[in-house]
Structure formats: structure tokens, C-alpha cells
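This is query35.cif. It holds mmCIF, C-alpha atoms.
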```cif
data_start
loop_
_atom_site.label_atom_id
_atom_site.label_comp_id
_atom_site.auth_asym_id
_atom_site.auth_seq_id
_atom_site.Cartn_x
_atom_site.Cartn_y
_atom_site.Cartn_z
CA MET A 1 -6.14 39.48 13.23
CA ARG A 2 -6.14 36.07 14.86
CA LYS A 3 -2.69 34.66 15.62
CA ILE A 4 -1.41 31.14 16.15
CA LYS A 5 2.07 29.84 16.80
CA ALA A 6 3.88 27.32 14.63
CA ALA A 7 4.51 25.24 17.77
CA SER A 8 0.77 24.53 18.07
CA ILE A 9 0.80 23.25 14.48
CA ILE A 10 3.57 20.76 15.33
CA GLN A 11 1.48 19.33 18.16
CA ALA A 12 -1.65 19.15 16.00
CA VAL A 13 0.22 17.25 13.26
CA ILE A 14 1.60 14.73 15.79
CA VAL A 15 -1.99 13.96 16.86
CA LEU A 16 -3.06 13.59 13.19
CA VAL A 17 -0.17 11.17 12.52
CA LYS A 18 -1.41 8.87 15.28
CA GLN A 19 -5.07 9.14 14.32
CA ALA A 20 -4.53 8.57 10.59
CA ASN A 21 -2.20 5.60 10.95
CA PHE A 22 -3.94 3.73 13.77
CA LEU A 23 -7.65 4.43 13.18
CA LEU A 24 -9.52 3.97 9.92
CA PRO A 25 -12.05 6.79 9.35
CA LYS A 26 -15.61 5.80 10.34
CA ASP A 27 -16.99 6.07 6.81
CA VAL A 28 -14.20 3.83 5.41
CA LEU A 29 -14.81 1.26 8.13
CA SER A 30 -18.57 1.28 7.44
CA ALA A 31 -17.97 0.83 3.71
CA LEU A 32 -15.77 -2.20 4.45
CA HIS A 33 -18.41 -3.66 6.79
CA ARG A 34 -21.11 -3.17 4.14
CA ALA A 35 -18.92 -4.85 1.52
CA TYR A 36 -18.29 -7.79 3.85
CA ARG A 37 -22.01 -8.23 4.47
CA SER A 38 -22.98 -8.08 0.80
CA GLU A 39 -20.08 -10.03 -0.74
CA LYS A 40 -21.05 -13.56 -1.86
CA ASN A 41 -17.63 -14.88 -2.93
CA SER A 42 -16.26 -16.87 0.01
CA ARG A 43 -12.59 -16.02 -0.56
CA ALA A 44 -13.49 -12.33 -0.92
CA ARG A 45 -15.38 -12.58 2.38
CA THR A 46 -12.38 -14.18 4.12
CA ILE A 47 -10.13 -11.36 2.89
CA LEU A 48 -12.58 -8.60 3.85
CA LYS A 49 -12.86 -10.22 7.29
CA ALA A 50 -9.05 -10.07 7.61
CA VAL A 51 -9.11 -6.39 6.59
CA LEU A 52 -11.72 -5.66 9.29
CA ASP A 53 -9.84 -7.72 11.89
CA ASN A 54 -6.69 -5.85 10.94
CA ALA A 55 -8.35 -2.47 11.54
CA ALA A 56 -9.63 -3.62 14.94
CA TYR A 57 -6.23 -5.03 15.93
CA ALA A 58 -4.39 -1.87 14.80
CA LYS A 59 -6.75 0.24 16.92
CA LYS A 60 -6.46 -2.00 19.98
CA GLU A 61 -2.68 -2.40 19.85
CA ASN A 62 -1.73 1.07 18.57
CA LEU A 63 -0.12 -0.47 15.50
CA ALA A 64 0.03 0.97 12.01
CA ILE A 65 -2.92 -0.27 9.92
CA CYS A 66 -0.39 -0.92 7.14
CA GLN A 67 3.41 -1.07 7.32
CA ASP A 68 3.45 1.35 4.38
CA THR A 69 2.73 4.46 6.41
CA GLY A 70 2.99 6.30 3.17
CA MET A 71 4.39 9.44 1.77
CA PRO A 72 2.42 11.76 4.04
CA VAL A 73 0.37 14.29 2.08
CA VAL A 74 -0.94 17.31 3.98
CA PHE A 75 -3.68 19.52 2.56
CA VAL A 76 -3.61 22.91 4.27
CA GLU A 77 -6.28 25.62 4.15
CA ILE A 78 -5.16 28.92 5.64
CA GLY A 79 -7.72 31.56 6.45
CA GLN A 80 -6.60 34.85 4.93
CA ASP A 81 -7.26 36.62 8.25
CA LEU A 82 -4.96 34.32 10.20
CA LYS A 83 -1.42 35.25 11.19
CA ILE A 84 0.99 32.37 11.78
CA SER A 85 4.10 33.17 13.76
CA GLY A 86 6.98 30.90 12.79
CA ASN A 87 7.52 28.72 9.74
CA LEU A 88 4.38 26.85 8.65
CA LYS A 89 6.04 24.28 6.37
CA SER A 90 8.81 23.53 8.86
CA ALA A 91 6.20 23.08 11.59
CA ILE A 92 4.22 20.59 9.49
CA ASN A 93 7.35 18.61 8.61
CA LYS A 94 8.51 18.66 12.24
CA GLY A 95 5.12 17.32 13.34
CA ILE A 96 5.35 14.55 10.74
CA GLU A 97 8.91 13.70 11.73
CA GLU A 98 8.17 13.66 15.47
CA GLY A 99 4.86 11.84 15.09
CA TYR A 100 6.25 9.13 12.82
CA LYS A 101 9.13 8.57 15.27
CA LYS A 102 6.95 8.65 18.36
CA TYR A 103 4.49 6.09 16.98
CA SER A 104 7.15 3.80 15.44
CA LEU A 105 5.89 4.22 11.87
CA ARG A 106 8.03 3.61 8.81
CA ASN A 107 10.83 5.80 7.52
CA SER A 108 9.94 5.42 3.85
CA ILE A 109 11.20 8.73 2.45
CA VAL A 110 14.48 8.89 0.50
CA ILE A 111 15.87 12.40 0.12
CA ASP A 112 17.55 11.75 -3.23
CA PRO A 113 15.12 10.01 -5.60
CA LEU A 114 17.90 8.90 -7.95
CA HIS A 115 20.62 7.80 -5.56
CA ARG A 116 18.18 6.36 -3.00
CA SER A 117 20.19 7.42 0.05
CA LYS A 118 19.25 6.38 3.61
CA SER A 119 15.53 6.74 4.23
CA GLY A 120 13.88 9.08 6.74
CA PHE A 121 10.43 10.30 7.82
CA SER A 122 10.17 13.62 5.99
CA PRO A 123 9.62 15.83 4.07
CA CYS A 124 5.95 15.29 3.36
CA ILE A 125 3.99 16.72 0.43
CA ILE A 126 2.18 19.95 1.33
CA HIS A 127 -0.65 21.47 -0.72
CA ILE A 128 -1.58 24.95 0.47
CA ASP A 129 -4.77 26.86 -0.27
CA ILE A 130 -5.80 30.31 0.96
CA VAL A 131 -9.45 30.57 1.99
CA PRO A 132 -11.67 33.17 3.66
CA GLY A 133 -11.73 33.22 7.47
CA ASP A 134 -9.19 33.01 10.28
CA LYS A 135 -8.79 29.26 10.80
CA LEU A 136 -6.13 26.76 9.80
CA LYS A 137 -7.34 23.40 8.48
CA LEU A 138 -4.93 20.47 8.21
CA VAL A 139 -5.83 17.18 6.52
CA LEU A 140 -3.29 14.35 6.62
CA LEU A 141 -3.41 11.53 4.06
CA PRO A 142 -0.61 8.98 4.53
CA LYS A 143 -0.55 7.59 0.99
CA GLY A 144 0.98 4.15 0.47
CA PHE A 145 3.00 3.71 -2.70
CA GLY A 146 1.68 0.31 -3.75
CA CYS A 147 -1.40 2.18 -4.90
CA GLU A 148 0.30 5.51 -5.67
CA ASN A 149 2.38 3.62 -8.27
CA LYS A 150 -0.83 2.91 -10.19
CA SER A 151 -1.71 6.60 -10.73
CA GLN A 152 -2.40 7.67 -14.30
CA LEU A 153 -2.68 10.92 -16.25
CA LYS A 154 -4.07 11.28 -19.74
CA MET A 155 -4.40 14.48 -21.74
CA PHE A 156 -7.60 13.91 -23.76
CA LYS A 157 -8.65 15.88 -26.80
CA PRO A 158 -11.42 18.38 -25.97
CA THR A 159 -13.67 16.46 -28.35
CA ALA A 160 -13.19 13.15 -26.49
CA SER A 161 -16.41 11.33 -25.65
CA LEU A 162 -17.53 10.60 -22.10
CA GLN A 163 -17.18 6.91 -22.97
CA GLU A 164 -13.46 7.34 -23.74
CA ILE A 165 -12.96 9.01 -20.39
CA LYS A 166 -14.87 6.30 -18.54
CA ASP A 167 -12.82 3.62 -20.33
CA PHE A 168 -9.61 5.34 -19.22
CA ILE A 169 -10.71 5.45 -15.57
CA VAL A 170 -11.89 1.82 -15.54
CA GLY A 171 -8.71 0.89 -17.44
CA ALA A 172 -6.56 2.46 -14.71
CA VAL A 173 -8.28 0.25 -12.14
CA LYS A 174 -7.84 -2.84 -14.33
CA ASN A 175 -4.16 -1.95 -14.69
CA ALA A 176 -3.83 -1.79 -10.89
CA GLY A 177 -5.48 -5.22 -10.86
CA PRO A 178 -4.55 -7.27 -7.78
CA ASP A 179 -1.37 -5.30 -7.00
CA ALA A 180 -2.48 -2.20 -5.12
CA CYS A 181 -4.60 -3.77 -2.33
CA PRO A 182 -8.17 -3.80 -3.66
CA PRO A 183 -10.93 -3.02 -2.78
CA TYR A 184 -9.94 0.44 -3.94
CA PHE A 185 -11.12 3.99 -3.55
CA VAL A 186 -10.74 5.69 -6.91
CA GLY A 187 -9.94 9.43 -6.94
CA VAL A 188 -10.42 11.21 -10.26
CA GLY A 189 -9.46 14.74 -11.26
CA ILE A 190 -11.02 16.08 -14.46
CA GLY A 191 -10.04 19.42 -15.98
CA GLY A 192 -7.53 22.08 -14.93
CA SER A 193 -4.02 21.41 -16.21
CA ALA A 194 -1.79 18.33 -16.19
CA ASP A 195 -0.40 19.13 -12.72
CA TYR A 196 -3.68 20.37 -11.27
CA SER A 197 -5.73 17.35 -12.36
CA GLY A 198 -3.29 15.19 -10.39
CA ILE A 199 -3.86 17.24 -7.24
CA LEU A 200 -7.62 17.11 -7.82
CA ALA A 201 -7.52 13.32 -8.16
CA LYS A 202 -5.76 13.02 -4.82
CA LYS A 203 -7.95 15.63 -3.14
CA ALA A 204 -11.02 13.79 -4.42
CA LEU A 205 -10.05 10.86 -2.16
CA LEU A 206 -10.71 13.08 0.87
CA ALA A 207 -14.44 13.47 0.16
CA SER A 208 -16.69 11.95 2.79
CA LEU A 209 -18.42 8.71 1.81
CA GLY A 210 -21.54 10.06 3.50
CA VAL A 211 -22.10 12.44 0.59
CA LYS A 212 -24.40 11.24 -2.20
CA ARG A 213 -22.37 10.26 -5.27
CA SER A 214 -23.07 11.64 -8.76
CA PRO A 215 -24.58 9.45 -11.51
CA LEU A 216 -21.16 9.36 -13.24
CA GLU A 217 -19.44 8.21 -10.05
CA LYS A 218 -22.08 5.55 -9.49
CA ASP A 219 -21.86 4.34 -13.07
CA LEU A 220 -18.06 4.06 -12.89
CA LEU A 221 -18.27 2.15 -9.60
CA LYS A 222 -20.70 -0.29 -11.17
CA GLN A 223 -18.38 -0.86 -14.15
CA ILE A 224 -15.34 -1.28 -11.90
CA ASN A 225 -17.12 -3.81 -9.70
CA ALA A 226 -18.21 -5.72 -12.79
CA THR A 227 -14.54 -6.45 -13.59
CA GLY A 228 -14.54 -9.18 -10.93
CA ILE A 229 -11.03 -8.27 -9.71
CA GLY A 230 -12.23 -8.39 -6.10
CA PRO A 231 -10.32 -8.18 -2.79
CA MET A 232 -6.61 -9.02 -3.33
CA GLY A 233 -7.50 -9.60 -6.98
CA LEU A 234 -8.89 -13.04 -6.12
CA GLY A 235 -12.42 -12.50 -7.36
CA GLY A 236 -15.69 -11.11 -6.06
CA LYS A 237 -17.86 -8.11 -6.68
CA THR A 238 -15.95 -5.76 -4.35
CA THR A 239 -13.20 -4.24 -6.50
CA ALA A 240 -13.80 -0.65 -5.41
CA LEU A 241 -15.75 0.88 -2.54
CA ALA A 242 -16.22 4.32 -4.10
CA VAL A 243 -15.33 6.50 -7.07
CA LYS A 244 -14.87 10.17 -6.15
CA ILE A 245 -14.49 12.84 -8.82
CA LEU A 246 -13.46 16.49 -8.63
CA THR A 247 -13.65 18.75 -11.67
CA TYR A 248 -12.22 22.15 -12.53
CA PRO A 249 -12.54 24.47 -15.56
CA THR A 250 -10.02 23.76 -18.29
CA HIS A 251 -8.67 25.08 -21.61
CA ILE A 252 -10.53 24.92 -24.98
CA ALA A 253 -7.67 22.80 -26.39
CA GLY A 254 -7.63 20.02 -23.85
CA LEU A 255 -9.13 17.78 -21.19
CA PRO A 256 -6.72 16.44 -18.57
CA VAL A 257 -7.90 13.42 -16.58
CA SER A 258 -5.94 12.00 -13.64
CA VAL A 259 -6.69 8.87 -11.63
CA ASN A 260 -5.30 8.37 -8.14
CA ILE A 261 -6.06 4.98 -6.65
CA SER A 262 -6.15 4.36 -2.92
CA CYS A 263 -5.86 0.93 -1.33
CA HIS A 264 -8.62 -0.20 1.07
CA ALA A 265 -6.73 1.52 3.91
CA LEU A 266 -7.80 5.05 3.02
CA ARG A 267 -6.26 6.82 6.00
CA ILE A 268 -7.36 10.40 6.63
CA ALA A 269 -7.23 12.61 9.72
CA GLU A 270 -8.25 16.25 9.99
CA ALA A 271 -7.84 19.12 12.43
CA VAL A 272 -8.96 22.77 12.50
CA LEU A 273 -6.90 25.24 14.55
CA MET B 1 -5.48 -26.80 7.01
CA ARG B 2 -2.07 -27.77 5.63
CA LYS B 3 0.95 -26.74 7.72
CA ILE B 4 4.43 -26.27 6.29
CA THR B 5 7.79 -25.34 7.82
CA ALA B 6 10.56 -23.17 6.36
CA PRO B 7 13.23 -23.86 5.16
CA LEU B 8 10.91 -25.51 2.66
CA ASN B 9 12.10 -28.75 1.13
CA TRP B 10 10.78 -30.23 -2.09
CA ASP B 11 8.60 -32.79 -0.30
CA GLN B 12 6.63 -30.04 1.41
CA VAL B 13 5.84 -28.05 -1.71
CA LYS B 14 5.51 -30.57 -4.53
CA SER B 15 1.85 -31.31 -3.85
CA LEU B 16 0.75 -27.72 -3.07
CA LYS B 17 -1.75 -26.27 -5.51
CA ALA B 18 -2.59 -22.70 -6.47
CA GLY B 19 -5.54 -21.53 -4.40
CA GLN B 20 -4.72 -23.71 -1.41
CA GLU B 21 -4.48 -22.04 2.00
CA VAL B 22 -1.52 -23.02 4.17
CA PHE B 23 0.06 -22.01 7.48
CA LEU B 24 3.80 -21.42 7.47
CA SER B 25 6.09 -21.77 10.49
CA GLY B 26 9.87 -21.40 10.66
CA SER B 27 12.30 -18.82 9.26
CA VAL B 28 11.58 -16.34 6.49
CA TYR B 29 13.80 -13.48 5.31
CA THR B 30 12.41 -10.05 4.50
CA ALA B 31 13.79 -8.55 1.28
CA ARG B 32 12.36 -5.92 -1.04
CA ASP B 33 13.60 -3.64 -3.82
CA GLN B 34 17.07 -2.50 -2.70
CA ALA B 35 17.92 -5.78 -0.95
CA HIS B 36 17.07 -7.65 -4.17
CA LYS B 37 19.32 -5.33 -6.15
CA ARG B 38 22.18 -6.09 -3.76
CA LEU B 39 21.53 -9.84 -3.65
CA VAL B 40 21.55 -10.09 -7.43
CA GLN B 41 24.69 -7.95 -7.62
CA ALA B 42 26.41 -10.27 -5.10
CA ILE B 43 25.34 -13.36 -7.08
CA LYS B 44 26.66 -11.86 -10.32
CA GLU B 45 29.97 -10.95 -8.68
CA ARG B 46 30.16 -14.41 -7.05
CA LYS B 47 30.35 -12.88 -3.59
CA ALA B 48 29.16 -14.55 -0.38
CA LEU B 49 25.45 -14.09 0.27
CA PRO B 50 24.16 -12.89 3.66
CA PHE B 51 22.05 -16.02 4.18
CA ASP B 52 21.74 -19.51 2.76
CA LEU B 53 19.32 -19.35 -0.16
CA ARG B 54 18.84 -23.11 -0.40
CA ASN B 55 15.20 -23.94 0.44
CA ALA B 56 14.80 -20.44 1.89
CA VAL B 57 11.66 -18.31 1.82
CA ILE B 58 11.80 -14.58 1.06
CA TYR B 59 9.03 -12.29 2.28
CA TYR B 60 8.57 -9.07 0.28
CA CYS B 61 8.12 -6.89 3.33
CA GLY B 62 9.48 -3.73 4.92
CA PRO B 63 8.06 -3.48 8.44
CA THR B 64 7.49 -0.27 10.36
CA GLN B 65 9.80 0.55 13.26
CA THR B 66 9.25 -1.73 16.23
CA PRO B 67 7.03 -0.13 18.88
CA ARG B 68 8.27 -0.46 22.47
CA GLY B 69 7.17 -3.76 24.02
CA LYS B 70 6.40 -5.42 20.67
CA ILE B 71 8.34 -8.04 18.72
CA ILE B 72 7.69 -6.29 15.42
CA GLY B 73 5.53 -3.49 14.06
CA SER B 74 3.08 -3.68 11.19
CA CYS B 75 4.55 -6.12 8.63
CA GLY B 76 2.33 -6.88 5.63
CA PRO B 77 3.39 -7.77 2.09
CA THR B 78 4.53 -5.27 -0.55
CA THR B 79 3.79 -5.50 -4.31
CA SER B 80 5.65 -8.57 -5.62
CA SER B 81 5.86 -7.58 -9.29
CA ARG B 82 8.55 -5.00 -8.50
CA MET B 83 10.84 -7.94 -7.67
CA ASP B 84 10.03 -9.86 -10.91
CA ALA B 85 13.27 -8.86 -12.66
CA PHE B 86 15.35 -10.31 -9.80
CA ALA B 87 13.36 -13.44 -8.91
CA GLY B 88 14.66 -15.77 -11.64
CA LEU B 89 18.32 -15.54 -10.65
CA ILE B 90 17.57 -15.90 -6.94
CA LEU B 91 15.39 -18.96 -7.58
CA ALA B 92 18.19 -20.41 -9.70
CA LYS B 93 20.47 -20.10 -6.66
CA GLY B 94 18.20 -22.25 -4.54
CA LEU B 95 15.45 -19.98 -3.20
CA ARG B 96 12.29 -22.04 -2.69
CA GLY B 97 9.51 -19.67 -1.74
CA MET B 98 8.41 -16.08 -2.17
CA ILE B 99 5.67 -14.32 -0.22
CA GLY B 100 4.08 -11.07 -1.37
CA LYS B 101 0.96 -9.57 -2.86
CA GLY B 102 -0.36 -9.37 -6.41
CA SER B 103 0.38 -11.18 -9.64
CA ARG B 104 3.77 -11.97 -11.23
CA GLY B 105 5.01 -11.66 -14.78
CA PRO B 106 5.31 -14.70 -17.07
CA GLU B 107 9.09 -14.85 -16.47
CA VAL B 108 8.50 -15.54 -12.77
CA ALA B 109 5.90 -18.24 -13.45
CA GLU B 110 8.43 -19.83 -15.79
CA ALA B 111 11.27 -19.61 -13.24
CA VAL B 112 9.06 -21.07 -10.50
CA LYS B 113 8.41 -24.10 -12.70
CA LYS B 114 12.02 -24.49 -13.82
CA HIS B 115 13.59 -24.18 -10.38
CA LYS B 116 10.83 -25.93 -8.43
CA GLY B 117 9.89 -22.83 -6.48
CA ILE B 118 6.60 -21.56 -5.15
CA TYR B 119 4.90 -18.16 -4.82
CA PHE B 120 2.51 -17.36 -2.00
CA VAL B 121 0.36 -14.33 -1.28
CA THR B 122 -0.78 -13.19 2.13
CA TYR B 123 -3.39 -10.74 3.40
CA ALA B 124 -2.60 -7.44 1.70
CA GLY B 125 -2.90 -4.26 3.73
CA CYS B 126 -3.21 -6.27 6.94
CA GLY B 127 0.22 -5.58 8.43
CA ALA B 128 -1.02 -5.10 11.99
CA LEU B 129 -2.82 -8.45 12.00
CA LEU B 130 0.12 -10.31 10.42
CA SER B 131 2.47 -9.08 13.17
CA LYS B 132 0.71 -11.53 15.49
CA TYR B 133 2.33 -14.48 13.72
CA VAL B 134 5.92 -13.21 14.09
CA LYS B 135 7.70 -14.64 17.12
CA SER B 136 11.20 -13.19 16.75
CA VAL B 137 13.24 -10.90 14.49
CA LYS B 138 16.93 -10.56 13.75
CA THR B 139 18.59 -8.25 11.23
CA VAL B 140 20.96 -10.33 9.11
CA ALA B 141 22.15 -7.92 6.40
CA TYR B 142 22.06 -4.45 4.86
CA ALA B 143 21.08 -2.68 8.10
CA ASP B 144 21.91 0.62 6.36
CA LEU B 145 18.79 0.12 4.21
CA GLY B 146 16.55 0.76 7.23
CA PRO B 147 13.10 -0.70 6.52
CA GLU B 148 14.58 -2.47 3.48
CA ALA B 149 17.20 -4.42 5.48
CA ILE B 150 17.14 -8.21 5.36
CA VAL B 151 15.56 -9.40 8.60
CA LYS B 152 15.14 -13.03 9.62
CA LEU B 153 11.65 -13.58 11.02
CA GLU B 154 10.61 -16.64 12.98
CA VAL B 155 6.93 -17.08 12.20
CA GLU B 156 4.26 -19.40 13.55
CA ASN B 157 1.22 -20.40 11.51
CA PHE B 158 1.63 -17.40 9.19
CA PRO B 159 -1.41 -17.52 6.84
CA LEU B 160 -0.65 -17.91 3.13
CA ILE B 161 -2.43 -18.71 -0.10
CA VAL B 162 -0.53 -20.57 -2.82
CA ALA B 163 -0.56 -18.27 -5.88
CA ILE B 164 1.86 -20.01 -8.29
CA ASP B 165 2.56 -23.67 -7.69
CA VAL B 166 5.39 -25.92 -8.89
CA ASN B 167 3.26 -27.39 -11.67
CA GLY B 168 2.42 -24.07 -13.29
CA GLY B 169 -0.90 -23.53 -11.54
CA ASN B 170 -1.51 -19.78 -11.22
CA LEU B 171 -4.19 -18.18 -9.09
CA TYR B 172 -4.02 -15.01 -11.20
CA GLY B 173 -4.17 -16.79 -14.53
CA GLN B 174 -1.46 -16.63 -17.17
CA ASP B 175 -0.89 -12.94 -17.83
#
```

Mind converting the file's structure to C-alpha cells?
Amino acid sequence: MRKIKAASIIQAVIVLVKQANFLLPKDVLSALHRAYRSEKNSRARTILKAVLDNAAYAKKENLAICQDTGMPVVFVEIGQDLKISGNLKSAINKGIEEGYKKYSLRNSIVIDPLHRSKSGFSPCIIHIDIVPGDKLKLVLLPKGFGCENKSQLKMFKPTASLQEIKDFIVGAVKNAGPDACPPYFVGVGIGGSADYSGILAKKALLASLGVKRSPLEKDLLKQINATGIGPMGLGGKTTALAVKILTYPTHIAGLPVSVNISCHALRIAEAVL
Amino acid sequence: MRKITAPLNWDQVKSLKAGQEVFLSGSVYTARDQAHKRLVQAIKERKALPFDLRNAVIYYCGPTQTPRGKIIGSCGPTTSSRMDAFAGLILAKGLRGMIGKGSRGPEVAEAVKKHKGIYFVTYAGCGALLSKYVKSVKTVAYADLGPEAIVKLEVENFPLIVAIDVNGGNLYGQD
């Protein structure tokens, strides 16, 4: 059985913290460039230019792309033939804590959600999955809360029409309007249970933009971009850059649908140990 | 391009129109959720405020930690509508300008008109770029709030777009 030490996980997470917060993923950057080239609205173009300049400046100066360095979310896939010595969750949180300190990111996490005590860097949110093999995959998504605040869940009837579901998804984007830093990436989770559809919606955001989108995803993107919300909500045809859907089997009595919106700074970094 | 300097007097803002791009220099104070809660509490209890609100500009911003060798870290705007419930009272006490991102509720548009205030937006999700326009920083209150402390920023040619003007013009429409 392959073995790795928790200490190596700490180091890997520190590297991911830097990569995710300072460097936009290539596919996100390309999508922004494409939007800038095709946008006709002059104010939208000015804003998209600022977004691109911001990404370049963050990279050059080792500065956070956005001051909201998020509630870090870590998706973990553990190979069932891998033995980890030490505490996996503590190692991930230690890596987050050390990385966020080292790179001068923001301490946005309050331990007590009701009494809002002094803020710190951790804990992060950890989603763990067991998969075949002997590797450990870590994906870090620092999720800003301007957009996280616009998340929605609706428990549809199993007889709901596709149109009702589409209206709900487009409605969630309209509700986010100018507030959550459009152009957006829209993650959608359909099926499972109430809790699981929420995880699916977030996980959907991780999908590469290089993959061909389904007809439903394309149709939703078209409808969302027809709203005219545009960058910063000041008009234009670029309201979202992609809609990404994940589905899962569900119960005969229901149809959960969750929407998780990401701002234009969709920050993702991944490592396999 | 129009240039304005904070503190912002009436003469500087009376002719500004929603949609207009301006460059702001001078002092602005960062304040977001918890700082607003404390400011409003202090006003209600008639306690001394940590800075002079008259003609002042508040920036809805919580910067990252300051990297070594830099003046400030990433420092873009946060969602303004979370401060809607507090804005009216603070404007009534003399605040002139607010900087943030996104639209405001009708009560804020009303208060802006009544108290001769102004609401600006700046490039959202561009905190690294905006740090270029900050020339100095000084914590003035609520240091225990960490990133939510009130920090006085000296800015130079900070890029803004007028979103709600003193005559009721609103870039986001009347919602």
C-alpha cells in the first residue's frame, strides 16, 4: 500500500493557496479575453479590460486577484489504496492557515457564526470522496462570499417541467444582478438530496471550460446573456461566461436544484500527490 | 475626465451625474458590515465617532493583509447593498459619499437625495489593480475587527463611476 505523510499535504496546500489566489486558471483567462474581444458595449469593454489588467497585475505583483480570498473549499479525492500517516483534515487546514498567512491573504473566517468573534484564516470547507487508486487529489476553490450569498436551492416537484427549472436558474442569476461581480460562472446541481445538490452545484464550477457544454447548458447561457445585466451590472451581452451542470439520481418524490454562482474570478488550483 | 477630492464638498458633487466617470483623490475611510453596525450604534447612543463624517467618503472595502514591501494588499469593493440598512443614518450625520459595488435599495436612493449624498461604484473584483491608487493607509478605529477595521486611505486618481447622483439619477434604474 502506498503511503504519504500528512506533512507533504500541508506543503501541497500552501502551493495551491498561492496558485489559486494569484493566478487565474488558463481557461478562465481565455474566456475573459474572448468576452472582451466579442463585447460591443463600450462600458462593458472597459470593465472587462480592467478585469484582465487586474489578473495581469495580480500575477506580476503576487497580489490577491480579489481581496475576498474566500472561504476556502477543498475537494479531496483519496485513493482507497493510499495510506495517509497523520491527520488529513488537520493537514489541509494547517496548509490553508500557513498559506493564507504567508501570502498576506485575508482572514475572513469567523469561528462563531452568530457572535462574529475575531476573524481568522481557517477552518476551510472540506469535501472528501473515496475513489479507486492510490493517489490523493486536492482541488482548492477560494470562494468569495459576494457571490456565495446569491446561492439558491429549490425543491421542485418531480413533475416540474424543464422550463420551470430553467426559469429558476436564470432567475437566480437575475437575483444576483449587479451585486456578485458579473460576468458569472453558474454552477448547477440537479438531483440527489437538498444537501447533495448544493455540493454538486459547487463542484460543477470546477469543470474545465475546455469541455464541450451540453445543449441545456448552452441554452441557459444564451438566456442568461440575453438579460443584458453585463459586467458590473452596467449592461452588455456578457452576463455569464459559462453554465456548468452536474446531475445525480434522485428520489421519485422530488427534484432538488441548487445554483451556486461564481464571480468572474473563478479561482481554482489542483494537485495530485 | 473629471477629478474630485475628498473630503467632498457640495460644490464638487452637485453637478455629477449617474454614469459619469471620475477620479477621486484625498482621504476615504474603509467600513463594511461590522464597522457600520458599530458606527450606527455610536450615533444612536450619541457617542463620539472615530472620524469626522462631515463631507467624508466611506469605501465598502476589507483589504487583504498587507504584503511585505507594499502599501496595501488587494482592496476592491464589497457588495454595497449589505450596508443599505445603515446608510440613511450615516448620511444624515454628514457623510457625503459611498463607494462600493452593485445596486442600492430605494431607501438609499431616497437618503442620497435628501442628504445631498452620492454613491459611486468602482471596478468589482479588481482589488489588485485598485491597490495601485492607494498611497497611504492608517487604521483609525475598531482594529479588533481585523479586515473590517476602519482604515483611512489616501488615494490618488482612484477610478469611480457615479451610480446614484444628488438629483436622483440612478445607473441601476429605480428598483

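Proximity of B:Pro77, B:Pro159, B:Gly105, B:Pro7 to Tyr133 in chain B, computed with only C-alpha atoms, is greatest for B:Pro159.
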
List the residues selected by the PyMOL selection byres ((chain A and resi 101) around 12) in the file shown, writing them as a PyMOL selection string. (chain A and resi 14+17-18+69+94-100+102-108+120-122) or (chain B and resi 64-68)

Pull out every residue of chain B sitting within 7 Å of chain A, counting all atoms listed in the file, and send them as a PyMOL selection string. chain B and resi 63-67+73-76+79+101-103+123-129+144-147

Just want the 9 Å neighbourhood of range 23-30 of chain B, counted on all atoms listed in the file, with same-chain residues fewer than 3 positions away dropped. Output as an NGL selection string. :B and (1-7 or 35 or 51 or 56-63 or 133 or 140 or 148-161)

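In this model, the gap between CA of Lys70 in chain B and CA of Ala20 in chain A comes to 20.4 Å.
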
Taking the point (-6.7, 6.4, -4.2) as given in the file, collect each protein or nucleic acid residue that comes within 7 Å of it, counting all atoms listed in the file, and present the set as a PDB file with C-alpha atoms, in the frame of the given file.
```pdb
ATOM      1  CA  CYS A 147      -1.400   2.180  -4.900  1.00  0.00           C
ATOM      2  CA  TYR A 184      -9.940   0.440  -3.940  1.00  0.00           C
ATOM      3  CA  PHE A 185     -11.120   3.990  -3.550  1.00  0.00           C
ATOM      4  CA  VAL A 186     -10.740   5.690  -6.910  1.00  0.00           C
ATOM      5  CA  GLY A 187      -9.940   9.430  -6.940  1.00  0.00           C
ATOM      6  CA  LYS A 202      -5.760  13.020  -4.820  1.00  0.00           C
ATOM      7  CA  LEU A 205     -10.050  10.860  -2.160  1.00  0.00           C
ATOM      8  CA  ASN A 260      -5.300   8.370  -8.140  1.00  0.00           C
ATOM      9  CA  ILE A 261      -6.060   4.980  -6.650  1.00  0.00           C
ATOM     10  CA  SER A 262      -6.150   4.360  -2.920  1.00  0.00           C
ATOM     11  CA  CYS A 263      -5.860   0.930  -1.330  1.00  0.00           C
TER      12      CYS A 263
END
```

Report as an MDAnalysis selection string the residues that result from applying the PyMOL selection byres ((chain A and resi 201) around 8) to the structure here. chainID A and resid 187:190 197:200 202:205 245:246 258:260

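Residues within 12 Å of Ala85 in chain B, counting all atoms listed in the file and excluding same-chain residues fewer than 3 positions away, are Asp33, His36, Lys37, Val40, Ser80, Ser81, Arg82, Gly88, Leu89, Ile90, Leu91, Arg104, Gly105, Pro106, Glu107, Val108, Ala109 and Ala111 of chain B.
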
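Counting from CA of Val22 in chain B, the distance to CA of Ser42 in chain A is 16.5 Å.
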
Å distance separating CA of Ala207 in chain A from CA of Gly236 in chain A, one decimal place: 25.4 Å

Which residues are close to range 158-175 of chain A, i.e. within 7 Å by all atoms listed in the file, leaving aside same-chain residues fewer than 4 positions away? Reply as a list in words.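 In the requested form, the answer reads Gln152, Leu220, Ile224, Ile252, Ala253, Gly254, Leu255 and Val259 of chain A.
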
For His127 in chain A, work out the shell of residues within 10 Å, counting all atoms listed in the file and skipping chain neighbours fewer than 4 positions away, then give it as a PDB file with C-alpha atoms, keeping the file's coordinate frame.
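File produced: selection.pdb:
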```pdb
ATOM      1  CA  VAL A  73       0.370  14.290   2.080  1.00  0.00           C
ATOM      2  CA  VAL A  74      -0.940  17.310   3.980  1.00  0.00           C
ATOM      3  CA  PHE A  75      -3.680  19.520   2.560  1.00  0.00           C
ATOM      4  CA  VAL A  76      -3.610  22.910   4.270  1.00  0.00           C
ATOM      5  CA  GLU A  77      -6.280  25.620   4.150  1.00  0.00           C
ATOM      6  CA  LEU A 138      -4.930  20.470   8.210  1.00  0.00           C
ATOM      7  CA  VAL A 139      -5.830  17.180   6.520  1.00  0.00           C
ATOM      8  CA  ILE A 199      -3.860  17.240  -7.240  1.00  0.00           C
ATOM      9  CA  LYS A 203      -7.950  15.630  -3.140  1.00  0.00           C
TER      10      LYS A 203
END
```

From the list A:Leu23, A:Pro132, A:Ala6, A:Lys60, which residue is nearest Lys89 in chain A when using only C-alpha atoms? A:Ala6

Just say which residues the PyMOL selection byres ((chain A and resi 79) around 9) picks in this file, as a ChimeraX atom specification. /A:77-78,80-83,129-137
